[in-house]
Amino acid sequence: MLEKKDIHLEKAVLVGVITREQDEESSKEYLDELEFLTYTAGGEVLKRFTQKMDMPNPKTFIGTGKMEDVLDYVEANDVGTVIFDDELSPAQERNISKILNCKILDRTNLILDIFAQRAQTSYARTQVELAQCQYLLPRLKGMWTHLERQKGGIGMRGPGETEIETDRRIVRDKIALLKAKIKTIDKQMAVQRGNRGKLVRVALVGYTNVGKSTLMNVISKSKVFAENKLFATLDTTVRKVVIGNLPFLVSDTVGFIRKLPTQLVESFKSTLDEVREADLLLHVVDISHSNFEEHIDSVNQILDDIDSKDKPTIMVFNKIDAYKAEPFDEDDLITERSEVNYSIDEWKSTWMSRVGDNALFISAINKENMDEFRKRVYKEVRNIHVTRFPYNQFLYPDIIEE
Ligand SMILES: Nc1nc2c(ncn2[C@@H]2O[C@H](COP(=O)(O)OP(=O)(O)OP(=O)(O)O)[C@@H](O)[C@H]2O)c(=O)[nH]1
């Protein structure tokens with residue numbers, strides 16, 4: 001297997017802003033995530049630059065003095081890519097490209113690039129291409145000059161340089177063409193979904209990398225691609241699962257992320273229809289991640305955007321094997337952080353009190369608590385099934401003993 005050191009990684013630096021609402025701790029966590037995104041896209045982060053500001057500078061994101069520091073570092077260390085931890089406006093991008101003589105990417109760009117890299121089927125590729133063209137359209141002006149210095153690599157996959165070098169009209173035509181292509185496939189997919197009959201549909205949702213595909217493999221005993229990189233799954237996988245003789249469908253779909261680019265939400269409409277049309281959601285959470293509570297909020301926000309917030313949902317807290325209580329620190333005693341210094345059992349009961357019995361605690365990788373998980377999913381699926389087919393209520397007992 002290739003080691004990280006054997007792969008040629010593009011040298012990159014990250015730039016973030018620490019605003020009033022965003023303290024240093026959360027800013028660090030955001031940049032950790034941006035670094036993971038960069039690694040997933042094929043880059044290696046050499047340094048992070050942050051600046052405390054009320055809000056990002058509308059012209060250059062960070063102040064010009066700080067930008068000079070970035071420029072000095074980039075030139076001294078032969079860095080090819082500077083990545084900003086937010087979506088840059090077209091004007092910001094133009095102004096920054098006049099200062100920095102290298103490739104400039106923002107968070108949206110990076111996520112779109114990973115999606116382009118990971119798209120396996122022609123459908124996923126078409127959806128990503130549409131999102132990239134929509135992102136590109138308002139940015140075409142002034143792209144020529146700085147694109148001459150950019151030669152492939154991160155942020156340059158997908159539509160490719162040929163399309164980028166065209167004018168707005170051609171990009172608009174392309175968008176229309178891609179939309180028409182997606183519409184045709186969407187219709188076929190809607191028919192396919194309709195043909196699945198009245199089986200109860202369960203969708204795995206969650207932040208990227210929380211273990212949805214791993215859990216899917218455990219419950220369906222099939223092999224779905226799981227990897228410790230972001231967005232391993234782009235296409236929806238649907239499997240028929242049987243628990244206690246009761247058949248139902250489980251779908252594993254694209255992972256969510258904070259500030260998922262709106263272009264992606266729009267072009268992945270049909271992929272997200274799996275979630276929209278599901279009867280039950282299993283919201284998978286990686287509790288070994290220090291920022292998991294914010295991940296829950298981001299997922300809920302996207303569920304709200306796609307009108308799926310009020311669906312019956314079970315919270316599935318995964319990776320209990322990797323959960324570590326925060327190391328005890330006496331200084332923490334006087335801060336709020338000491339309150340989250342729980343052991344796994346204390347932590348469980350805190351969550352149980354917050355979400356009632358709507359929470360399960362598992363380790364998909366070690367298959368811990370999978371019996372409890374299967375029983376609970378069976379119970380929920382059975383309830384939905386017998387509401388739909390009341391005459392089947394005697395076929396499936398209330399509770400299964402496996
Ligand atoms: N320690 C631990 N690791 C896990 C567990 N479940 C999954 N993982 C690991 O977490 C990483 C991500 O797992 P995936 O199943 O690909 O996650 P995903 O949510 O499908 O990811 P996306 O496709 O990005 O949405 C992999 O390295 C898994 O081996 C678990 O219970 N414990």
# chains A, B, ... in the order shown; residues from 1 in each chain; ligands from 1
$ residues_around --residues "Asp72 in chain A" --least-positions-apart "5" --cutoff "12 Å" --atoms "only C-alpha atoms" --output "PyMOL selection string"
chain A and resi 13+65-67+77-79+99-101
$ write_last_selection --atoms "N, CA and C atoms" --output "PDB file, in the first residue's frame"
ATOM      1  N   VAL A  13      -0.454  26.259   1.892  1.00  0.00           N
ATOM      2  CA  VAL A  13      -0.621  26.921   3.192  1.00  0.00           C
ATOM      3  C   VAL A  13      -2.097  27.276   3.350  1.00  0.00           C
ATOM      4  N   GLY A  65      -1.111  43.566   5.315  1.00  0.00           N
ATOM      5  CA  GLY A  65       0.142  43.283   6.016  1.00  0.00           C
ATOM      6  C   GLY A  65       0.328  41.785   6.182  1.00  0.00           C
ATOM      7  N   LYS A  66      -0.762  41.108   6.638  1.00  0.00           N
ATOM      8  CA  LYS A  66      -0.710  39.661   6.846  1.00  0.00           C
ATOM      9  C   LYS A  66      -0.486  38.954   5.504  1.00  0.00           C
ATOM     10  N   MET A  67      -1.097  39.520   4.461  1.00  0.00           N
ATOM     11  CA  MET A  67      -0.957  38.901   3.147  1.00  0.00           C
ATOM     12  C   MET A  67       0.514  38.946   2.698  1.00  0.00           C
ATOM     13  N   ASN A  77       9.339  29.224   0.385  1.00  0.00           N
ATOM     14  CA  ASN A  77       9.199  27.772   0.540  1.00  0.00           C
ATOM     15  C   ASN A  77       8.625  27.080  -0.693  1.00  0.00           C
ATOM     16  N   ASP A  78       8.578  27.809  -1.778  1.00  0.00           N
ATOM     17  CA  ASP A  78       8.136  27.228  -3.042  1.00  0.00           C
ATOM     18  C   ASP A  78       6.740  26.580  -2.920  1.00  0.00           C
ATOM     19  N   VAL A  79       5.843  27.311  -2.256  1.00  0.00           N
ATOM     20  CA  VAL A  79       4.473  26.807  -2.052  1.00  0.00           C
ATOM     21  C   VAL A  79       3.648  27.097  -3.299  1.00  0.00           C
ATOM     22  N   ILE A  99      -1.804  39.767  -5.691  1.00  0.00           N
ATOM     23  CA  ILE A  99      -0.711  39.813  -4.701  1.00  0.00           C
ATOM     24  C   ILE A  99       0.086  38.514  -4.691  1.00  0.00           C
ATOM     25  N   LEU A 100      -0.644  37.388  -4.661  1.00  0.00           N
ATOM     26  CA  LEU A 100       0.047  36.100  -4.534  1.00  0.00           C
ATOM     27  C   LEU A 100       0.268  35.480  -5.909  1.00  0.00           C
ATOM     28  N   ASN A 101       1.482  35.103  -6.162  1.00  0.00           N
ATOM     29  CA  ASN A 101       1.805  34.562  -7.479  1.00  0.00           C
ATOM     30  C   ASN A 101       1.695  33.030  -7.473  1.00  0.00           C
TER      31      ASN A 101
END
$ residues_around --residues "Gln92 in chain A" --least-positions-apart "3" --cutoff "10 Å" --atoms "only C-alpha atoms" --output "ChimeraX atom specification"
/A:57-62,87-89,95-97
$ write_last_selection --atoms "C-alpha atoms" --output "PDB file, in the first residue's frame"
ATOM      1  CA  ASN A  57     -11.629  41.903   4.808  1.00  0.00           C
ATOM      2  CA  PRO A  58     -14.047  42.403   1.859  1.00  0.00           C
ATOM      3  CA  LYS A  59     -11.149  43.130  -0.506  1.00  0.00           C
ATOM      4  CA  THR A  60      -8.454  40.637   0.421  1.00  0.00           C
ATOM      5  CA  PHE A  61      -9.987  38.347   3.131  1.00  0.00           C
ATOM      6  CA  ILE A  62      -7.080  39.094   5.523  1.00  0.00           C
ATOM      7  CA  GLU A  87     -15.767  31.007   0.154  1.00  0.00           C
ATOM      8  CA  LEU A  88     -13.964  33.981  -1.432  1.00  0.00           C
ATOM      9  CA  SER A  89     -16.034  36.468  -3.392  1.00  0.00           C
ATOM     10  CA  ASN A  95      -7.485  41.050  -5.615  1.00  0.00           C
ATOM     11  CA  ILE A  96      -5.625  38.243  -3.866  1.00  0.00           C
ATOM     12  CA  SER A  97      -4.401  36.834  -7.176  1.00  0.00           C
TER      13      SER A  97
END
$ residues_around --residues "Leu14 in chain A" --least-positions-apart "3" --cutoff "10 Å" --atoms "only C-alpha atoms" --output "list of chain:residue names"
A:Leu31, A:Asp32, A:Leu34, A:Glu35, A:Thr38, A:Val45, A:Leu46, A:Lys47, A:Arg48, A:Phe49, A:Thr50, A:Val70, A:Thr81, A:Val82, A:Ile83, A:Phe84, A:Asp85, A:Leu105, A:Asp106
$ write_last_selection --atoms "C-alpha atoms" --output "short mmCIF file (atom, residue, chain, number, x, y, z; two decimals), in the first residue's frame"
data_model
loop_
_atom_site.label_atom_id
_atom_site.label_comp_id
_atom_site.auth_asym_id
_atom_site.auth_seq_id
_atom_site.Cartn_x
_atom_site.Cartn_y
_atom_site.Cartn_z
CA LEU A 31 -8.39 24.72 10.15
CA ASP A 32 -7.84 21.08 11.22
CA LEU A 34 -9.46 22.33 6.15
CA GLU A 35 -6.13 20.52 6.51
CA THR A 38 -6.45 19.46 1.71
CA VAL A 45 -0.11 21.79 4.58
CA LEU A 46 3.20 23.44 5.47
CA LYS A 47 1.85 26.33 7.52
CA ARG A 48 -1.31 28.04 8.75
CA PHE A 49 -1.80 31.80 8.84
CA THR A 50 -4.58 33.25 10.99
CA VAL A 70 1.86 34.84 3.37
CA THR A 81 -1.27 26.71 -3.37
CA VAL A 82 -2.86 29.02 -0.80
CA ILE A 83 -6.20 27.85 0.59
CA PHE A 84 -8.66 30.20 2.33
CA ASP A 85 -11.01 28.81 4.98
CA LEU A 105 -8.33 28.17 -3.62
CA ASP A 106 -11.16 28.61 -1.18
#
$ atom_distance --atom1 "CA of Thr19 in chain A" --atom2 "CA of Ser298 in chain A"
18.9 Å
$ atom_distance --atom1 "atom 23 (O, counted along the ligand's line) of ligand 1" --atom2 "CA of Asn209 in chain A"
5.7 Å
$ closest_residue --among "A:Asn392, A:Asn369, A:Asn109, A:Thr313" --to "ligand 1" --atoms "only C-alpha atoms and all ligand atoms"
A:Asn369
